[in-house]
file entry.txt (compact mmCIF, C-alpha atoms)
# COMPACT_ATOMS: atom_id res chain seq x y z
CA MET A 1 0.00 0.00 0.00
CA SER A 2 1.53 3.31 -1.09
CA PRO A 3 1.63 6.15 1.45
CA ARG A 4 -1.16 8.69 1.21
CA PRO A 5 0.08 11.96 -0.40
CA ILE A 6 0.29 15.13 1.68
CA VAL A 7 -2.12 17.76 0.38
CA GLY A 8 -0.28 20.74 -1.10
CA LEU A 9 3.16 19.08 -1.27
CA SER A 10 4.69 17.47 -4.35
CA ASP A 11 7.92 16.03 -5.71
CA ALA A 12 10.06 17.52 -8.47
CA PHE A 13 12.31 15.53 -10.78
CA GLY A 14 13.59 15.40 -14.35
CA VAL A 15 13.29 18.52 -16.47
CA ARG A 16 11.39 20.49 -13.83
CA ALA A 17 14.06 19.95 -11.19
CA ALA A 18 16.88 20.68 -13.64
CA THR A 19 15.19 23.89 -14.86
CA LEU A 20 14.70 25.14 -11.31
CA ARG A 21 18.37 24.55 -10.49
CA GLN A 22 19.47 26.32 -13.69
CA LEU A 23 17.37 29.36 -12.86
CA GLN A 24 18.47 29.31 -9.24
CA ARG A 25 22.15 29.31 -10.24
CA ALA A 26 21.65 32.15 -12.72
CA LEU A 27 19.93 34.28 -10.07
CA GLN A 28 22.65 33.50 -7.53
CA ASP A 29 25.24 34.70 -10.04
CA LEU A 30 23.23 37.89 -10.63
CA TYR A 31 23.01 38.67 -6.93
CA GLY A 32 26.66 37.82 -6.33
CA GLN A 33 27.72 40.19 -9.10
CA ALA A 34 25.57 42.89 -7.46
CA GLY A 35 27.49 42.49 -4.20
CA TYR A 36 25.08 40.23 -2.31
CA GLU A 37 26.38 37.34 -0.21
CA GLU A 38 24.48 34.06 0.15
CA VAL A 39 23.05 32.93 3.48
CA ILE A 40 21.58 29.46 4.12
CA PRO A 41 19.35 29.41 7.21
CA PRO A 42 18.09 26.12 8.70
CA VAL A 43 14.70 24.83 7.63
CA VAL A 44 13.50 24.88 11.26
CA GLU A 45 13.44 27.87 13.57
CA ARG A 46 12.02 28.85 16.91
CA PRO A 47 8.42 30.10 16.45
CA GLU A 48 9.12 33.36 18.26
CA THR A 49 11.90 34.16 15.79
CA LEU A 50 9.62 33.67 12.78
CA ASN A 51 6.79 35.66 14.36
CA ALA A 52 8.82 38.57 15.75
CA GLY A 53 7.47 41.71 14.17
CA ALA A 54 5.47 39.74 11.60
CA GLY A 55 2.08 39.54 13.31
CA ARG A 56 -0.70 36.99 13.05
CA PHE A 57 -0.48 36.65 9.24
CA LEU A 58 2.79 34.75 9.44
CA ALA A 59 1.95 32.95 12.69
CA ASP A 60 -1.16 31.45 11.08
CA GLN A 61 0.96 30.01 8.26
CA THR A 62 3.60 28.42 10.48
CA LEU A 63 3.68 24.70 11.35
CA VAL A 64 4.85 24.25 14.96
CA PHE A 65 5.94 20.96 16.54
CA SER A 66 7.61 19.66 19.69
CA ASP A 67 11.26 18.72 19.23
CA PRO A 68 12.00 15.12 20.34
CA ALA A 69 15.56 16.22 21.21
CA ASP A 70 14.15 18.47 23.95
CA ALA A 71 14.85 21.79 22.25
CA GLY A 72 11.27 22.83 22.98
CA LEU A 73 8.84 24.04 20.35
CA LEU A 74 10.23 24.39 16.82
CA ALA A 75 8.65 25.54 13.57
CA LEU A 76 9.05 24.87 9.87
CA ARG A 77 9.84 28.18 8.25
CA SER A 78 6.99 29.70 6.24
CA ASP A 79 9.01 32.76 5.23
CA MET A 80 12.77 33.35 5.24
CA THR A 81 12.98 37.10 5.86
CA PRO A 82 12.61 36.74 9.68
CA GLN A 83 15.51 34.28 9.62
CA ILE A 84 17.66 36.78 7.73
CA ALA A 85 16.73 39.41 10.32
CA ARG A 86 17.85 37.05 13.10
CA ILE A 87 21.18 36.39 11.37
CA ALA A 88 21.76 40.12 10.84
CA ALA A 89 20.99 40.84 14.49
CA THR A 90 23.29 38.09 15.84
CA HIS A 91 26.07 36.59 13.71
CA LEU A 92 26.47 39.71 11.52
CA GLN A 93 25.85 42.47 14.05
CA HIS A 94 29.39 43.79 13.48
CA CYS A 95 28.46 44.79 9.89
CA ASP A 96 26.86 48.20 9.39
CA THR A 97 25.68 47.35 5.87
CA LEU A 98 24.53 43.93 4.69
CA ARG A 99 23.54 42.69 1.25
CA LEU A 100 22.28 39.11 1.48
CA HIS A 101 20.53 36.64 -0.83
CA TYR A 102 18.95 33.26 -0.19
CA SER A 103 17.06 30.44 -1.89
CA GLY A 104 15.32 27.47 -0.28
CA THR A 105 12.11 25.65 0.53
CA VAL A 106 9.44 27.11 2.81
CA VAL A 107 6.28 25.28 3.87
CA GLN A 108 3.02 26.95 4.85
CA ALA A 109 0.30 25.58 7.09
CA ARG A 110 -2.51 26.24 4.62
CA VAL A 111 -2.99 25.52 0.95
CA ASP A 112 -2.73 28.53 -1.35
CA GLY A 113 -6.16 29.02 -2.89
CA ARG A 114 -4.66 30.06 -6.24
CA THR A 115 -2.00 27.38 -6.68
CA GLY A 116 -3.22 24.51 -4.49
CA SER A 117 0.29 24.31 -2.98
CA ARG A 118 1.71 24.66 0.52
CA GLN A 119 5.35 24.76 -0.56
CA GLN A 120 7.44 27.46 -2.16
CA TRP A 121 11.04 27.66 -3.31
CA GLN A 122 11.52 31.09 -1.83
CA THR A 123 14.31 33.16 -3.35
CA GLY A 124 15.14 36.74 -2.58
CA ILE A 125 17.47 39.47 -1.42
CA GLU A 126 17.70 41.70 1.64
CA CYS A 127 19.44 45.08 1.66
CA MET A 128 20.20 46.19 5.23
CA GLY A 129 21.75 49.33 6.64
CA ILE A 130 20.72 51.61 3.76
CA ALA A 131 17.78 53.82 4.63
CA GLY A 132 15.12 55.45 2.49
CA LEU A 133 15.28 56.16 -1.21
CA GLU A 134 18.78 54.78 -1.83
CA GLY A 135 18.07 51.31 -0.44
CA ASP A 136 14.61 51.09 -1.99
CA MET A 137 15.95 52.07 -5.41
CA GLU A 138 18.67 49.42 -5.27
CA VAL A 139 16.17 46.69 -4.38
CA LEU A 140 13.58 47.70 -6.97
CA GLN A 141 16.16 47.82 -9.76
CA LEU A 142 17.44 44.37 -8.80
CA ALA A 143 13.87 43.06 -8.86
CA VAL A 144 13.53 44.27 -12.45
CA ARG A 145 16.82 42.60 -13.41
CA SER A 146 15.64 39.34 -11.81
CA LEU A 147 12.46 39.29 -13.89
CA ALA A 148 14.42 40.04 -17.06
CA LEU A 149 16.96 37.28 -16.37
CA ALA A 150 14.08 34.79 -16.09
CA GLY A 151 12.80 35.81 -19.51
CA PHE A 152 9.75 37.77 -18.37
CA SER A 153 8.79 40.69 -20.61
CA GLU A 154 6.69 43.83 -20.22
CA SER A 155 7.36 43.96 -16.50
CA LEU A 156 5.24 46.13 -14.24
CA LEU A 157 6.12 47.29 -10.74
CA GLN A 158 3.25 48.51 -8.57
CA VAL A 159 4.65 50.50 -5.65
CA GLY A 160 2.72 51.49 -2.54
CA HIS A 161 3.45 52.65 1.00
CA MET A 162 2.31 51.30 4.37
CA GLY A 163 2.03 54.85 5.70
CA LEU A 164 -1.05 55.34 3.51
CA ILE A 165 -3.14 52.56 5.01
CA ARG A 166 -1.89 53.35 8.53
CA ALA A 167 -3.02 56.97 8.10
CA LEU A 168 -6.41 55.97 6.66
CA ILE A 169 -7.30 53.65 9.56
CA GLU A 170 -6.05 56.01 12.27
CA GLY A 171 -8.83 56.14 14.85
CA SER A 172 -10.44 52.86 13.79
CA GLN A 173 -11.50 50.37 16.44
CA HIS A 174 -10.15 47.60 14.17
CA ASP A 175 -6.41 46.94 13.89
CA LEU A 176 -4.11 47.01 10.87
CA GLU A 177 -4.19 43.22 10.40
CA HIS A 178 -7.99 43.27 10.20
CA TRP A 179 -8.04 46.07 7.65
CA VAL A 180 -5.31 44.59 5.42
CA GLU A 181 -7.07 41.23 5.38
CA LEU A 182 -10.37 42.91 4.46
CA LEU A 183 -8.91 45.17 1.76
CA ASN A 184 -7.17 42.20 0.16
CA HIS A 185 -10.64 40.85 -0.66
CA ARG A 186 -11.18 43.88 -2.93
CA SER A 187 -14.86 44.09 -1.92
CA PRO A 188 -16.25 47.62 -1.45
CA ASP A 189 -19.40 46.17 0.13
CA ASP A 190 -17.36 44.40 2.81
CA VAL A 191 -15.55 47.64 3.59
CA ARG A 192 -18.83 49.53 3.86
CA ALA A 193 -20.15 46.87 6.22
CA MET A 194 -17.06 47.26 8.41
CA LEU A 195 -17.38 51.04 8.40
CA ALA A 196 -21.00 50.82 9.53
CA ASN A 197 -19.73 49.51 12.88
CA ASP A 198 -16.57 51.61 13.14
CA ARG A 199 -15.80 55.04 14.52
CA LEU A 200 -13.72 56.18 11.52
CA ASP A 201 -14.69 59.54 10.08
CA GLU A 202 -16.63 59.63 6.81
CA ASP A 203 -13.81 61.03 4.65
CA ARG A 204 -11.40 58.26 5.60
CA GLY A 205 -14.18 55.73 5.05
CA HIS A 206 -14.75 56.94 1.49
CA LEU A 207 -11.04 56.57 0.71
CA LEU A 208 -10.94 53.03 2.08
CA VAL A 209 -13.88 52.14 -0.17
CA ASP A 210 -11.90 53.63 -3.06
CA LEU A 211 -8.98 51.29 -2.32
CA ALA A 212 -11.27 48.27 -2.22
CA SER A 213 -12.74 49.42 -5.55
CA GLY A 214 -9.35 49.41 -7.27
CA LEU A 215 -8.70 53.14 -7.08
CA GLY A 216 -5.51 54.62 -5.68
CA ASP A 217 -3.36 55.58 -8.68
CA GLU A 218 -1.05 58.58 -8.91
CA ALA A 219 -3.84 61.02 -9.76
CA TRP A 220 -5.85 59.75 -6.76
CA LEU A 221 -2.85 60.19 -4.50
CA GLN A 222 -2.27 63.75 -5.69
CA LYS A 223 -5.97 64.61 -5.29
CA HIS A 224 -6.20 63.40 -1.70
CA ARG A 225 -2.67 64.19 -0.53
CA LYS A 226 -3.72 67.00 1.85
CA SER A 227 -7.15 65.66 2.85
CA VAL A 228 -6.25 63.03 5.46
CA SER A 229 -3.34 63.84 7.77
CA PRO A 230 0.34 64.85 7.79
CA MET A 231 1.21 61.12 7.96
CA PHE A 232 -0.74 60.48 4.77
CA ALA A 233 0.83 63.47 2.97
CA ALA A 234 4.34 62.37 3.99
CA ALA A 235 3.71 58.84 2.69
CA VAL A 236 2.36 60.20 -0.61
CA ASP A 237 5.41 62.44 -1.04
CA GLU A 238 7.85 59.61 -0.28
CA LEU A 239 6.06 57.23 -2.63
CA LEU A 240 5.85 59.65 -5.56
CA GLN A 241 9.49 60.67 -5.14
CA LEU A 242 10.55 57.01 -5.24
CA VAL A 243 8.45 56.23 -8.32
CA ALA A 244 9.74 59.30 -10.19
CA ALA A 245 13.35 58.42 -9.39
CA LEU A 246 12.87 54.80 -10.41
CA ARG A 247 11.34 55.75 -13.76
CA GLY A 248 14.51 57.70 -14.50
CA HIS A 249 16.70 54.62 -13.94
CA ILE A 250 14.65 51.82 -15.49
CA GLY A 251 15.05 50.81 -19.11
CA ARG A 252 12.43 50.29 -21.77
CA GLY A 253 9.84 47.59 -21.42
CA VAL A 254 9.32 48.18 -17.68
CA GLU A 255 6.42 50.20 -16.29
CA VAL A 256 6.48 51.67 -12.78
CA VAL A 257 3.27 52.93 -11.17
CA ALA A 258 2.32 54.34 -7.79
CA GLU A 259 -0.61 52.41 -6.35
CA ALA A 260 -2.11 53.06 -2.90
CA ALA A 261 -3.94 49.73 -2.88
CA VAL A 262 -0.71 47.65 -2.87
CA LEU A 263 -0.78 45.71 0.40
CA PRO A 264 1.80 43.38 1.95
CA ARG A 265 1.51 39.60 2.26
CA PHE A 266 2.91 39.79 5.80
CA LEU A 267 2.64 42.69 8.20
CA TYR A 268 6.31 43.20 8.92
CA HIS A 269 6.53 45.89 6.24
CA SER A 270 6.67 49.45 7.55
CA GLY A 271 7.36 51.68 4.53
CA MET A 272 7.49 51.17 0.78
CA VAL A 273 5.82 47.97 -0.49
CA PHE A 274 5.71 46.65 -4.05
CA GLN A 275 4.75 43.76 -6.28
CA GLY A 276 6.02 42.79 -9.70
CA PHE A 277 4.05 41.53 -12.69
CA ALA A 278 4.98 40.51 -16.22
CA SER A 279 3.23 39.71 -19.48
CA GLY A 280 1.25 36.47 -19.29
CA ALA A 281 1.24 36.27 -15.49
CA ALA A 282 -2.14 37.05 -13.90
CA GLN A 283 -0.80 37.04 -10.33
CA PRO A 284 2.19 38.94 -8.86
CA LEU A 285 5.52 37.24 -9.53
CA LEU A 286 7.36 38.88 -6.64
CA HIS A 287 6.67 40.89 -3.51
CA GLY A 288 8.83 43.18 -1.44
CA GLY A 289 9.20 46.28 0.65
CA ARG A 290 10.83 48.01 3.59
CA TYR A 291 10.70 46.36 7.01
CA ASP A 292 12.72 48.53 9.42
CA ALA A 293 10.30 47.79 12.27
CA MET A 294 10.89 44.03 12.12
CA MET A 295 14.64 44.53 12.48
CA ALA A 296 13.99 46.48 15.68
CA SER A 297 11.84 43.62 17.00
CA HIS A 298 14.83 41.30 16.51
CA GLY A 299 16.96 43.56 18.71
CA ARG A 300 18.76 45.55 16.06
CA ASP A 301 17.46 48.97 14.99
CA MET A 302 18.57 48.84 11.36
CA PRO A 303 16.95 49.95 8.09
CA ALA A 304 16.11 47.01 5.83
CA THR A 305 14.34 46.39 2.53
CA GLY A 306 14.12 43.48 0.09
CA PHE A 307 11.97 41.22 -2.06
CA SER A 308 11.25 37.53 -2.56
CA PHE A 309 9.47 35.19 -4.96
CA ASP A 310 8.61 31.53 -5.48
CA LEU A 311 10.74 29.81 -8.12
CA TRP A 312 8.06 27.13 -8.62
CA ARG A 313 5.55 29.83 -9.54
CA TRP A 314 8.07 31.39 -11.90
CA LEU A 315 8.53 28.08 -13.71
CA ASP A 316 4.75 27.65 -14.00
CA ALA A 317 4.60 31.18 -15.46
CA GLY A 318 7.12 30.24 -18.18
CA ALA A 319 10.40 31.41 -16.67
CA GLU A 320 13.59 30.31 -18.41
CA VAL A 321 17.15 31.54 -18.23
CA LYS A 322 17.99 33.90 -21.07
CA ALA A 323 21.53 33.72 -22.42
call {"tool": "encode", "arguments": {"input": "entry.txt", "output": "structure tokens"}}
result
Amino acid sequence: MSPRPIVGLSDAFGVRAATLRQLQRALQDLYGQAGYEEVIPPVVERPETLNAGAGRFLADQTLVFSDPADAGLLALRSDMTPQIARIAATHLQHCDTLRLHYSGTVVQARVDGRTGSRQQWQTGIECMGIAGLEGDMEVLQLAVRSLALAGFSESLLQVGHMGLIRALIEGSQHDLEHWVELLNHRSPDDVRAMLANDRLDEDRGHLLVDLASGLGDEAWLQKHRKSVSPMFAAAVDELLQLVAALRGHIGRGVEVVAEAAVLPRFLYHSGMVFQGFASGAAQPLLHGGRYDAMMASHGRDMPATGFSFDLWRWLDAGAEVKA
């Protein structure tokens, strides 16, 4: 009797395995040439390390088990960025600036509704110690180069800012996690239902409905820049400055747009957030952003920004190494 398969997990072999390794090696070369060093964290971690600064979103996706060797509770990693933060705050604390890249398997507790999978081959980079525009620009440009190396064309970067949503929900009786989860549904009716039982003022409520309706482009940001709060205006200014600078340094075939409705997958992001698309891919191919606050939660107050993606999803979207 053959063992029953585990839902959401699968084997890779033959051409699929070889293609993944080829793409992985090409990306590692790209990041090495850009000055990024490889780190290889363990597949298991203490739950508190993975959850530090990340909130319930990551905790709900983490498989926790009791270690038979009496190390206490351990967890299978569901995201590698918290592990990189731990390494930066411990083994590499003597370095003021860190450029790190990684690639390995992560396993999530729940099946992804879009892919039917619980596993990812997470690959990414983290740029630490470089604050603001300079660090964000470096990361965004490397994201574009990664998509191009994998053969994706007509790339699109949608860039947002966590300061926008934080300013819009200021005064709400519901927390940030609740609002991000709701807005990710892209349902204006659900937002209106939430607002009916919330103490938010009417103007902020209208703008939240706009985000759920797919509004939030550059014209929308300019129109409402002064209508919310100084926090909102500062986030708009920072976002539009970043997008304008990036457009001046990105080649043809890549579109960069400011989009207030861009929301993070995990709540450790504290500034700029972005997602990358390409021709033929209906879903985002990569996600990233600034996460200074999570570094502080790991005991090291250090600016940090980066991005990651799933190599399996890239292969399914037609990725191949271009000579």
call {"tool": "residues_around", "arguments": {"input": "entry.txt", "residues": "Gly306 (chain A)", "least_positions_apart": "3", "cutoff": "12 Å", "atoms": "all atoms listed in the file", "output": "PyMOL selection string"}}
result
chain A and resi 36+80-82+84-85+98-102+123-131+135-143+268-269+271-275+286-292+303+309
call {"tool": "atom_distance", "arguments": {"input": "entry.txt", "atom1": "CA of Ala52 (chain A)", "atom2": "CA of Met302 (chain A)"}}
result
14.8 Å
call {"tool": "closest_residue", "arguments": {"input": "entry.txt", "among": "A:Ala89, A:Val106, A:Leu285, A:Ala17", "to": "Gln120 (chain A)", "atoms": "only C-alpha atoms"}}
result
A:Val106
call {"tool": "atom_distance", "arguments": {"input": "entry.txt", "atom1": "CA of Ser66 (chain A)", "atom2": "CA of Ala293 (chain A)"}}
result
29.2 Å
call {"tool": "closest_residue", "arguments": {"input": "entry.txt", "among": "A:Thr19, A:Glu48, A:Ala167, A:Leu182", "to": "Lys226 (chain A)", "atoms": "all atoms listed in the file"}}
result
A:Ala167
call {"tool": "atom_distance", "arguments": {"input": "entry.txt", "atom1": "CA of Val43 (chain A)", "atom2": "CA of Leu58 (chain A)"}}
result
15.6 Å
call {"tool": "residues_around", "arguments": {"input": "entry.txt", "residues": "Ser117 (chain A)", "least_positions_apart": "2", "cutoff": "12 Å", "atoms": "only C-alpha atoms", "output": "PyMOL selection string"}}
result
chain A and resi 6-11+106-115+119-121+310+312-313
call {"tool": "closest_residue", "arguments": {"input": "entry.txt", "among": "A:Thr105, A:Asn51, A:Ser146, A:Gln83", "to": "Gln28 (chain A)", "atoms": "only C-alpha atoms"}}
result
A:Ser146
call {"tool": "decode", "arguments": {"input": "entry.txt", "residues": "region 182-223 of chain A", "atoms": "C-alpha atoms", "output": "PDB file, in the first residue's frame"}}
result
ATOM      1  CA  LEU A 182     -10.365  42.911   4.462  1.00  0.00           C
ATOM      2  CA  LEU A 183      -8.913  45.170   1.756  1.00  0.00           C
ATOM      3  CA  ASN A 184      -7.168  42.202   0.160  1.00  0.00           C
ATOM      4  CA  HIS A 185     -10.637  40.848  -0.658  1.00  0.00           C
ATOM      5  CA  ARG A 186     -11.179  43.880  -2.930  1.00  0.00           C
ATOM      6  CA  SER A 187     -14.856  44.087  -1.917  1.00  0.00           C
ATOM      7  CA  PRO A 188     -16.248  47.619  -1.451  1.00  0.00           C
ATOM      8  CA  ASP A 189     -19.405  46.165   0.133  1.00  0.00           C
ATOM      9  CA  ASP A 190     -17.363  44.399   2.808  1.00  0.00           C
ATOM     10  CA  VAL A 191     -15.547  47.640   3.592  1.00  0.00           C
ATOM     11  CA  ARG A 192     -18.833  49.529   3.855  1.00  0.00           C
ATOM     12  CA  ALA A 193     -20.149  46.866   6.223  1.00  0.00           C
ATOM     13  CA  MET A 194     -17.061  47.257   8.408  1.00  0.00           C
ATOM     14  CA  LEU A 195     -17.377  51.038   8.397  1.00  0.00           C
ATOM     15  CA  ALA A 196     -20.999  50.820   9.528  1.00  0.00           C
ATOM     16  CA  ASN A 197     -19.731  49.511  12.876  1.00  0.00           C
ATOM     17  CA  ASP A 198     -16.574  51.613  13.141  1.00  0.00           C
ATOM     18  CA  ARG A 199     -15.796  55.044  14.518  1.00  0.00           C
ATOM     19  CA  LEU A 200     -13.721  56.182  11.517  1.00  0.00           C
ATOM     20  CA  ASP A 201     -14.689  59.538  10.075  1.00  0.00           C
ATOM     21  CA  GLU A 202     -16.633  59.634   6.812  1.00  0.00           C
ATOM     22  CA  ASP A 203     -13.814  61.026   4.655  1.00  0.00           C
ATOM     23  CA  ARG A 204     -11.403  58.259   5.601  1.00  0.00           C
ATOM     24  CA  GLY A 205     -14.180  55.726   5.046  1.00  0.00           C
ATOM     25  CA  HIS A 206     -14.747  56.936   1.486  1.00  0.00           C
ATOM     26  CA  LEU A 207     -11.036  56.575   0.706  1.00  0.00           C
ATOM     27  CA  LEU A 208     -10.939  53.027   2.079  1.00  0.00           C
ATOM     28  CA  VAL A 209     -13.880  52.142  -0.168  1.00  0.00           C
ATOM     29  CA  ASP A 210     -11.896  53.635  -3.057  1.00  0.00           C
ATOM     30  CA  LEU A 211      -8.981  51.286  -2.324  1.00  0.00           C
ATOM     31  CA  ALA A 212     -11.274  48.266  -2.225  1.00  0.00           C
ATOM     32  CA  SER A 213     -12.736  49.420  -5.549  1.00  0.00           C
ATOM     33  CA  GLY A 214      -9.345  49.408  -7.272  1.00  0.00           C
ATOM     34  CA  LEU A 215      -8.703  53.137  -7.082  1.00  0.00           C
ATOM     35  CA  GLY A 216      -5.512  54.620  -5.680  1.00  0.00           C
ATOM     36  CA  ASP A 217      -3.365  55.582  -8.680  1.00  0.00           C
ATOM     37  CA  GLU A 218      -1.048  58.581  -8.912  1.00  0.00           C
ATOM     38  CA  ALA A 219      -3.838  61.017  -9.760  1.00  0.00           C
ATOM     39  CA  TRP A 220      -5.852  59.747  -6.761  1.00  0.00           C
ATOM     40  CA  LEU A 221      -2.850  60.193  -4.496  1.00  0.00           C
ATOM     41  CA  GLN A 222      -2.275  63.746  -5.692  1.00  0.00           C
ATOM     42  CA  LYS A 223      -5.968  64.606  -5.294  1.00  0.00           C
TER      43      LYS A 223
END
